$ cat upload_38.cif   # mmCIF, C-alpha atoms
data_work
#
loop_
_atom_site.label_atom_id
_atom_site.label_comp_id
_atom_site.auth_asym_id
_atom_site.auth_seq_id
_atom_site.Cartn_x
_atom_site.Cartn_y
_atom_site.Cartn_z
CA MET M 1 62.37 34.73 27.74
CA SER M 2 59.75 36.82 29.50
CA ALA M 3 56.12 36.91 28.43
CA GLU M 4 56.50 40.58 27.58
CA ALA M 5 59.20 39.79 25.03
CA ALA M 6 57.15 36.93 23.63
CA GLY M 7 54.39 39.32 22.53
CA GLU M 8 51.75 37.60 20.46
CA ASN M 9 52.79 34.13 21.63
CA VAL M 10 50.91 34.66 24.87
CA ILE M 11 47.72 32.63 25.23
CA PHE M 12 45.29 33.71 27.94
CA ILE M 13 43.47 30.75 29.45
CA GLY M 14 39.83 31.55 30.19
CA LYS M 15 36.46 29.87 30.01
CA LYS M 16 36.84 27.80 26.85
CA SER M 17 37.52 24.06 26.96
CA VAL M 18 41.00 22.69 27.58
CA MET M 19 41.27 21.25 24.07
CA ASN M 20 40.48 24.66 22.62
CA TYR M 21 43.64 26.06 24.22
CA VAL M 22 45.69 22.97 23.37
CA LEU M 23 44.84 23.61 19.73
CA ALA M 24 45.80 27.30 20.07
CA VAL M 25 49.22 26.25 21.45
CA LEU M 26 49.76 23.74 18.64
CA LEU M 27 48.91 26.39 16.04
CA GLN M 28 51.45 28.77 17.59
CA PHE M 29 54.17 26.13 17.36
CA ASP M 30 53.00 25.19 13.87
CA VAL M 31 53.57 28.69 12.48
CA GLY M 32 57.17 28.50 13.66
CA ASN M 33 57.15 29.99 17.15
CA LYS M 34 59.65 28.37 19.49
CA VAL M 35 58.08 29.75 22.67
CA VAL M 36 54.46 29.86 23.77
CA VAL M 37 53.40 31.47 27.04
CA LEU M 38 50.24 30.43 28.88
CA ARG M 39 48.68 32.88 31.31
CA ALA M 40 45.75 32.32 33.63
CA ARG M 41 44.08 33.83 36.66
CA GLY M 42 42.03 32.40 39.50
CA ARG M 43 40.25 29.13 38.77
CA ALA M 44 41.62 28.97 35.24
CA ILE M 45 45.05 28.24 36.73
CA SER M 46 44.29 24.50 36.92
CA LYS M 47 43.22 24.58 33.29
CA ALA M 48 46.47 26.25 32.24
CA VAL M 49 48.42 23.45 33.92
CA ASP M 50 46.25 20.86 32.13
CA VAL M 51 46.89 22.56 28.77
CA ALA M 52 50.65 22.61 29.36
CA GLN M 53 50.73 18.97 30.42
CA ILE M 54 48.58 17.74 27.52
CA VAL M 55 50.76 19.57 25.01
CA LYS M 56 53.92 18.29 26.63
CA ARG M 57 52.93 14.65 27.27
CA ARG M 58 50.41 13.64 24.70
CA LEU M 59 50.87 15.72 21.61
CA LEU M 60 54.41 16.97 21.27
CA GLY M 61 56.04 14.47 23.63
CA GLY M 62 59.75 15.14 23.99
CA LYS M 63 59.69 18.13 21.68
CA VAL M 64 58.21 20.66 24.12
CA GLU M 65 59.36 21.45 27.64
CA VAL M 66 57.99 23.62 30.44
CA THR M 67 60.92 25.99 30.89
CA SER M 68 59.34 28.32 33.44
CA CYS M 69 56.39 28.33 35.81
CA LYS M 70 55.77 31.47 37.84
CA ILE M 71 52.97 32.42 40.19
CA ASP M 72 51.98 35.95 41.14
CA THR M 73 49.09 38.15 42.31
CA GLU M 74 47.15 40.77 40.35
CA ASP M 75 44.59 43.38 41.35
CA VAL M 76 41.38 42.85 39.40
CA GLY M 77 38.19 44.91 39.30
CA ASP M 78 37.01 47.96 41.19
CA PRO M 79 37.31 47.90 44.15
CA PRO M 80 40.50 45.89 43.49
CA ARG M 81 40.52 42.28 44.54
CA LYS M 82 43.66 40.14 44.74
CA VAL M 83 43.68 37.30 42.24
CA SER M 84 46.40 34.68 41.83
CA THR M 85 47.98 34.25 38.42
CA ILE M 86 50.22 31.71 36.73
CA GLU M 87 52.56 32.04 33.78
CA ILE M 88 53.77 28.85 32.13
CA VAL M 89 56.40 29.01 29.40
CA LEU M 90 56.42 26.17 26.86
CA GLU M 91 59.51 25.95 24.70
CA GLN M 92 60.32 23.77 21.73
CA VAL M 93 63.51 21.75 22.21
CA GLU M 94 65.54 20.27 19.36
CA MET F 95 65.34 20.77 48.09
CA SER F 96 62.92 18.20 46.71
CA ALA F 97 59.58 17.46 48.31
CA GLU F 98 60.79 13.95 49.09
CA ALA F 99 63.64 15.32 51.18
CA ALA F 100 61.33 17.78 52.90
CA GLY F 101 59.31 14.93 54.39
CA GLU F 102 56.72 16.14 56.85
CA ASN F 103 56.89 19.73 55.56
CA VAL F 104 54.70 18.75 52.64
CA ILE F 105 51.13 20.06 52.80
CA PHE F 106 48.60 18.47 50.45
CA ILE F 107 46.02 20.97 49.27
CA GLY F 108 42.55 19.42 49.05
CA LYS F 109 38.97 20.36 49.77
CA LYS F 110 39.38 22.50 52.88
CA SER F 111 39.25 26.30 52.73
CA VAL F 112 42.25 28.36 51.60
CA MET F 113 42.74 29.89 55.05
CA ASN F 114 42.88 26.41 56.55
CA TYR F 115 45.98 25.66 54.48
CA VAL F 116 47.45 29.12 55.05
CA LEU F 117 47.29 28.38 58.77
CA ALA F 118 48.94 24.98 58.23
CA VAL F 119 51.82 26.67 56.39
CA LEU F 120 52.24 29.29 59.13
CA LEU F 121 52.35 26.56 61.77
CA GLN F 122 55.07 24.74 59.83
CA PHE F 123 57.18 27.89 59.69
CA ASP F 124 56.38 28.63 63.33
CA VAL F 125 57.87 25.36 64.56
CA GLY F 126 61.14 26.28 62.86
CA ASN F 127 60.89 24.75 59.39
CA LYS F 128 62.64 26.83 56.74
CA VAL F 129 60.93 25.09 53.81
CA VAL F 130 57.30 24.19 53.27
CA VAL F 131 56.12 22.36 50.15
CA LEU F 132 52.57 22.68 48.83
CA ARG F 133 51.21 19.92 46.62
CA ALA F 134 47.92 19.83 44.78
CA ARG F 135 46.15 17.95 42.00
CA GLY F 136 43.46 18.89 39.52
CA ARG F 137 41.18 21.72 40.55
CA ALA F 138 42.99 22.21 43.86
CA ILE F 139 45.94 23.62 41.87
CA SER F 140 44.39 27.11 41.84
CA LYS F 141 43.90 26.88 45.59
CA ALA F 142 47.56 25.94 46.13
CA VAL F 143 48.62 29.06 44.21
CA ASP F 144 46.24 31.15 46.35
CA VAL F 145 47.71 29.70 49.55
CA ALA F 146 51.27 30.42 48.40
CA GLN F 147 50.43 33.98 47.40
CA ILE F 148 48.54 34.77 50.60
CA VAL F 149 51.38 33.48 52.75
CA LYS F 150 53.93 35.38 50.69
CA ARG F 151 52.13 38.72 50.26
CA ARG F 152 49.86 39.21 53.18
CA LEU F 153 51.18 37.34 56.13
CA LEU F 154 54.92 36.84 55.93
CA GLY F 155 55.64 39.60 53.40
CA GLY F 156 59.30 39.71 52.48
CA LYS F 157 60.21 36.80 54.72
CA VAL F 158 58.94 33.97 52.52
CA GLU F 159 59.70 33.39 48.85
CA VAL F 160 58.41 30.94 46.24
CA THR F 161 61.67 29.23 45.32
CA SER F 162 60.24 26.58 43.00
CA CYS F 163 57.04 25.91 41.09
CA LYS F 164 56.78 22.66 39.14
CA ILE F 165 53.93 21.12 37.22
CA ASP F 166 53.57 17.45 36.38
CA THR F 167 51.07 14.68 35.61
CA GLU F 168 50.03 11.74 37.79
CA ASP F 169 47.95 8.65 37.15
CA VAL F 170 45.03 8.54 39.54
CA GLY F 171 42.38 5.86 40.08
CA ASP F 172 41.60 2.59 38.34
CA PRO F 173 41.44 2.67 35.35
CA PRO F 174 44.20 5.30 35.58
CA ARG F 175 43.33 8.83 34.59
CA LYS F 176 45.89 11.57 33.96
CA VAL F 177 45.67 14.39 36.49
CA SER F 178 47.81 17.52 36.52
CA THR F 179 49.75 18.33 39.67
CA ILE F 180 51.64 21.30 41.05
CA GLU F 181 54.42 21.51 43.60
CA ILE F 182 55.18 24.92 45.11
CA VAL F 183 58.16 25.36 47.43
CA LEU F 184 57.96 28.17 49.98
CA GLU F 185 61.21 29.06 51.66
CA GLN F 186 61.99 31.41 54.52
CA VAL F 187 64.57 34.05 53.61
CA GLU F 188 66.62 35.97 56.17
#
$ encode --input "upload_38.cif" --output "structure tokens"
Amino acid sequence: MSAEAAGENVIFIGKKSVMNYVLAVLLQFDVGNKVVVLRARGRAISKAVDVAQIVKRRLLGGKVEVTSCKIDTEDVGDPPRKVSTIEIVLEQVE
Amino acid sequence: MSAEAAGENVIFIGKKSVMNYVLAVLLQFDVGNKVVVLRARGRAISKAVDVAQIVKRRLLGGKVEVTSCKIDTEDVGDPPRKVSTIEIVLEQVE
């Protein structure tokens, strides 16, 4: 499932604390979504990985898997500057 | 191909500059390796993604692909602390 198709299940990882985003992911799963997509750019990439791992290992252990992890590059700002991005797909397993 | 099997083709991303690691990757490909694995922990994860993207887009465009991107958790230090890790596999395509 691509992030585009997932629509509102996409969580953009920014400057807030890791636990803030962990909570956002849990809420998404709690309202019945089976897929949550994490997206981050630049230095927030490490934080996105932390969020995914905390959700997977500590909170929903065994019930959530990382089904996709893609890296890419985006142009940001003017003049455009290349920034690395990551997209992590978390999926609930039965 | 797992990182274990790749042996010496594994490059650990740490505190050096991005271009330092880009050069290390290029040297690995230059001596005939078809696969180079990048590994990073914690905050260096963003840097590993940058290295992969720079190699792929700017320097060996079209000739190198990211064939795998895995995230995991490791115990580091004493008392052990959970640290996120990433493993990015770069592979030369014909």
$ interface_residues --input "upload_38.cif" --of "chain F" --to "chain M" --cutoff "10 Å" --atoms "all atoms listed in the file" --output "ChimeraX atom specification"
/F:134-148,150-151,160-167,176-180,182
$ residues_around --input "upload_38.cif" --residues "Val149 (chain F)" --least-positions-apart "5" --cutoff "12 Å" --atoms "only C-alpha atoms" --output "PDB file with C-alpha atoms, keeping the file's coordinate frame"
ATOM      1  CA  ASP M  72      51.980  35.950  41.140  1.00  0.00           C
ATOM      2  CA  THR M  73      49.090  38.150  42.310  1.00  0.00           C
TER       3      THR M  73
ATOM      4  CA  VAL F 112      42.250  28.360  51.600  1.00  0.00           C
ATOM      5  CA  MET F 113      42.740  29.890  55.050  1.00  0.00           C
ATOM      6  CA  ASN F 114      42.880  26.410  56.550  1.00  0.00           C
ATOM      7  CA  TYR F 115      45.980  25.660  54.480  1.00  0.00           C
ATOM      8  CA  VAL F 116      47.450  29.120  55.050  1.00  0.00           C
ATOM      9  CA  LEU F 117      47.290  28.380  58.770  1.00  0.00           C
ATOM     10  CA  ALA F 118      48.940  24.980  58.230  1.00  0.00           C
ATOM     11  CA  VAL F 119      51.820  26.670  56.390  1.00  0.00           C
ATOM     12  CA  LEU F 120      52.240  29.290  59.130  1.00  0.00           C
ATOM     13  CA  LEU F 121      52.350  26.560  61.770  1.00  0.00           C
ATOM     14  CA  GLN F 122      55.070  24.740  59.830  1.00  0.00           C
ATOM     15  CA  PHE F 123      57.180  27.890  59.690  1.00  0.00           C
ATOM     16  CA  VAL F 130      57.300  24.190  53.270  1.00  0.00           C
ATOM     17  CA  LEU F 132      52.570  22.680  48.830  1.00  0.00           C
ATOM     18  CA  ALA F 142      47.560  25.940  46.130  1.00  0.00           C
ATOM     19  CA  VAL F 143      48.620  29.060  44.210  1.00  0.00           C
ATOM     20  CA  ASP F 144      46.240  31.150  46.350  1.00  0.00           C
ATOM     21  CA  LEU F 154      54.920  36.840  55.930  1.00  0.00           C
ATOM     22  CA  GLY F 155      55.640  39.600  53.400  1.00  0.00           C
ATOM     23  CA  GLY F 156      59.300  39.710  52.480  1.00  0.00           C
ATOM     24  CA  LYS F 157      60.210  36.800  54.720  1.00  0.00           C
ATOM     25  CA  VAL F 158      58.940  33.970  52.520  1.00  0.00           C
ATOM     26  CA  GLU F 159      59.700  33.390  48.850  1.00  0.00           C
ATOM     27  CA  VAL F 160      58.410  30.940  46.240  1.00  0.00           C
ATOM     28  CA  VAL F 183      58.160  25.360  47.430  1.00  0.00           C
ATOM     29  CA  LEU F 184      57.960  28.170  49.980  1.00  0.00           C
ATOM     30  CA  GLU F 185      61.210  29.060  51.660  1.00  0.00           C
ATOM     31  CA  GLN F 186      61.990  31.410  54.520  1.00  0.00           C
TER      32      GLN F 186
END
$ atom_distance --input "upload_38.cif" --atom1 "CA of Ile105 (chain F)" --atom2 "CA of Val76 (chain M)"
28.2 Å
$ atom_distance --input "upload_38.cif" --atom1 "CA of Val35 (chain M)" --atom2 "CA of Glu87 (chain M)"
12.6 Å
$ axis_aligned_box --input "upload_38.cif" --around "region 151-168 of chain F" --padding-each-side "4 Å" --output "lines of an AutoDock Vina configuration file"
center_x = 55.8
center_y = 25.7
center_z = 45.9
size_x = 19.8
size_y = 36.0
size_z = 28.5
$ atom_distance --input "upload_38.cif" --atom1 "CA of Val104 (chain F)" --atom2 "CA of Arg133 (chain F)"
7.1 Å
$ closest_residue --input "upload_38.cif" --among "F:Lys109, F:Arg175, F:Glu168, F:Lys128" --to "Val187 (chain F)" --atoms "all atoms listed in the file"
F:Lys128
$ decode --input "upload_38.cif" --residues "region 153-184 of chain F" --atoms "N, CA and C atoms" --output "PDB file, in the first residue's frame"
ATOM      1  N   LEU F 153      26.319  10.594  -8.085  1.00  0.00           N
ATOM      2  CA  LEU F 153      27.625  10.118  -8.507  1.00  0.00           C
ATOM      3  C   LEU F 153      27.588   8.895  -9.406  1.00  0.00           C
ATOM      4  N   LEU F 154      26.717   7.948  -9.091  1.00  0.00           N
ATOM      5  CA  LEU F 154      26.658   6.746  -9.911  1.00  0.00           C
ATOM      6  C   LEU F 154      25.237   6.588 -10.447  1.00  0.00           C
ATOM      7  N   GLY F 155      24.644   7.729 -10.842  1.00  0.00           N
ATOM      8  CA  GLY F 155      23.245   7.744 -11.268  1.00  0.00           C
ATOM      9  C   GLY F 155      22.901   6.639 -12.247  1.00  0.00           C
ATOM     10  N   GLY F 156      21.900   5.848 -11.900  1.00  0.00           N
ATOM     11  CA  GLY F 156      21.444   4.791 -12.784  1.00  0.00           C
ATOM     12  C   GLY F 156      22.208   3.490 -12.656  1.00  0.00           C
ATOM     13  N   LYS F 157      23.420   3.572 -12.088  1.00  0.00           N
ATOM     14  CA  LYS F 157      24.233   2.363 -11.990  1.00  0.00           C
ATOM     15  C   LYS F 157      24.179   1.706 -10.613  1.00  0.00           C
ATOM     16  N   VAL F 158      23.641   2.434  -9.641  1.00  0.00           N
ATOM     17  CA  VAL F 158      23.541   1.887  -8.286  1.00  0.00           C
ATOM     18  C   VAL F 158      22.104   2.030  -7.798  1.00  0.00           C
ATOM     19  N   GLU F 159      21.568   0.968  -7.212  1.00  0.00           N
ATOM     20  CA  GLU F 159      20.221   1.011  -6.661  1.00  0.00           C
ATOM     21  C   GLU F 159      20.228   0.645  -5.183  1.00  0.00           C
ATOM     22  N   VAL F 160      19.254   1.195  -4.434  1.00  0.00           N
ATOM     23  CA  VAL F 160      19.034   0.765  -3.055  1.00  0.00           C
ATOM     24  C   VAL F 160      18.155  -0.479  -3.121  1.00  0.00           C
ATOM     25  N   THR F 161      18.729  -1.641  -2.840  1.00  0.00           N
ATOM     26  CA  THR F 161      17.956  -2.874  -2.998  1.00  0.00           C
ATOM     27  C   THR F 161      17.302  -3.319  -1.696  1.00  0.00           C
ATOM     28  N   SER F 162      17.731  -2.746  -0.572  1.00  0.00           N
ATOM     29  CA  SER F 162      17.131  -3.117   0.701  1.00  0.00           C
ATOM     30  C   SER F 162      17.346  -2.003   1.713  1.00  0.00           C
ATOM     31  N   CYS F 163      16.356  -1.813   2.569  1.00  0.00           N
ATOM     32  CA  CYS F 163      16.452  -0.794   3.616  1.00  0.00           C
ATOM     33  C   CYS F 163      15.717  -1.359   4.830  1.00  0.00           C
ATOM     34  N   LYS F 164      16.478  -1.736   5.863  1.00  0.00           N
ATOM     35  CA  LYS F 164      15.863  -2.361   7.035  1.00  0.00           C
ATOM     36  C   LYS F 164      16.149  -1.562   8.278  1.00  0.00           C
ATOM     37  N   ILE F 165      15.155  -1.479   9.162  1.00  0.00           N
ATOM     38  CA  ILE F 165      15.381  -0.813  10.438  1.00  0.00           C
ATOM     39  C   ILE F 165      15.232  -1.837  11.558  1.00  0.00           C
ATOM     40  N   ASP F 166      15.980  -1.598  12.634  1.00  0.00           N
ATOM     41  CA  ASP F 166      15.975  -2.547  13.746  1.00  0.00           C
ATOM     42  C   ASP F 166      16.355  -1.815  15.035  1.00  0.00           C
ATOM     43  N   THR F 167      16.458  -2.574  16.118  1.00  0.00           N
ATOM     44  CA  THR F 167      16.862  -2.010  17.405  1.00  0.00           C
ATOM     45  C   THR F 167      18.004  -2.839  17.972  1.00  0.00           C
ATOM     46  N   GLU F 168      18.984  -2.151  18.577  1.00  0.00           N
ATOM     47  CA  GLU F 168      20.109  -2.836  19.215  1.00  0.00           C
ATOM     48  C   GLU F 168      20.234  -2.365  20.653  1.00  0.00           C
ATOM     49  N   ASP F 169      20.768  -3.248  21.500  1.00  0.00           N
ATOM     50  CA  ASP F 169      21.118  -2.830  22.861  1.00  0.00           C
ATOM     51  C   ASP F 169      22.540  -2.325  22.846  1.00  0.00           C
ATOM     52  N   VAL F 170      22.734  -1.113  23.367  1.00  0.00           N
ATOM     53  CA  VAL F 170      24.064  -0.516  23.381  1.00  0.00           C
ATOM     54  C   VAL F 170      24.398  -0.075  24.795  1.00  0.00           C
ATOM     55  N   GLY F 171      25.654  -0.325  25.209  1.00  0.00           N
ATOM     56  CA  GLY F 171      26.146   0.170  26.488  1.00  0.00           C
ATOM     57  C   GLY F 171      25.744  -0.696  27.663  1.00  0.00           C
ATOM     58  N   ASP F 172      26.180  -0.259  28.863  1.00  0.00           N
ATOM     59  CA  ASP F 172      25.887  -0.976  30.091  1.00  0.00           C
ATOM     60  C   ASP F 172      25.550   0.051  31.157  1.00  0.00           C
ATOM     61  N   PRO F 173      24.341   0.125  31.677  1.00  0.00           N
ATOM     62  CA  PRO F 173      23.198  -0.731  31.385  1.00  0.00           C
ATOM     63  C   PRO F 173      22.692  -0.548  29.946  1.00  0.00           C
ATOM     64  N   PRO F 174      22.205  -1.643  29.334  1.00  0.00           N
ATOM     65  CA  PRO F 174      21.804  -1.560  27.927  1.00  0.00           C
ATOM     66  C   PRO F 174      20.699  -0.543  27.671  1.00  0.00           C
ATOM     67  N   ARG F 175      20.858   0.146  26.534  1.00  0.00           N
ATOM     68  CA  ARG F 175      19.918   1.159  26.119  1.00  0.00           C
ATOM     69  C   ARG F 175      19.518   0.794  24.699  1.00  0.00           C
ATOM     70  N   LYS F 176      18.241   0.923  24.388  1.00  0.00           N
ATOM     71  CA  LYS F 176      17.761   0.579  23.042  1.00  0.00           C
ATOM     72  C   LYS F 176      18.143   1.685  22.060  1.00  0.00           C
ATOM     73  N   VAL F 177      18.780   1.313  20.973  1.00  0.00           N
ATOM     74  CA  VAL F 177      19.142   2.284  19.943  1.00  0.00           C
ATOM     75  C   VAL F 177      18.653   1.761  18.594  1.00  0.00           C
ATOM     76  N   SER F 178      18.019   2.649  17.832  1.00  0.00           N
ATOM     77  CA  SER F 178      17.546   2.258  16.502  1.00  0.00           C
ATOM     78  C   SER F 178      18.715   2.134  15.532  1.00  0.00           C
ATOM     79  N   THR F 179      18.578   1.229  14.582  1.00  0.00           N
ATOM     80  CA  THR F 179      19.623   1.036  13.575  1.00  0.00           C
ATOM     81  C   THR F 179      18.993   0.992  12.184  1.00  0.00           C
ATOM     82  N   ILE F 180      19.824   1.248  11.187  1.00  0.00           N
ATOM     83  CA  ILE F 180      19.371   1.101   9.807  1.00  0.00           C
ATOM     84  C   ILE F 180      20.429   0.347   9.025  1.00  0.00           C
ATOM     85  N   GLU F 181      19.976  -0.437   8.061  1.00  0.00           N
ATOM     86  CA  GLU F 181      20.897  -1.144   7.171  1.00  0.00           C
ATOM     87  C   GLU F 181      20.414  -0.903   5.745  1.00  0.00           C
ATOM     88  N   ILE F 182      21.246  -0.224   4.965  1.00  0.00           N
ATOM     89  CA  ILE F 182      20.896   0.104   3.583  1.00  0.00           C
ATOM     90  C   ILE F 182      21.831  -0.652   2.649  1.00  0.00           C
ATOM     91  N   VAL F 183      21.274  -1.409   1.721  1.00  0.00           N
ATOM     92  CA  VAL F 183      22.084  -2.169   0.778  1.00  0.00           C
ATOM     93  C   VAL F 183      22.101  -1.454  -0.570  1.00  0.00           C
ATOM     94  N   LEU F 184      23.298  -1.102  -1.020  1.00  0.00           N
ATOM     95  CA  LEU F 184      23.483  -0.492  -2.339  1.00  0.00           C
ATOM     96  C   LEU F 184      24.040  -1.557  -3.268  1.00  0.00           C
TER      97      LEU F 184
END
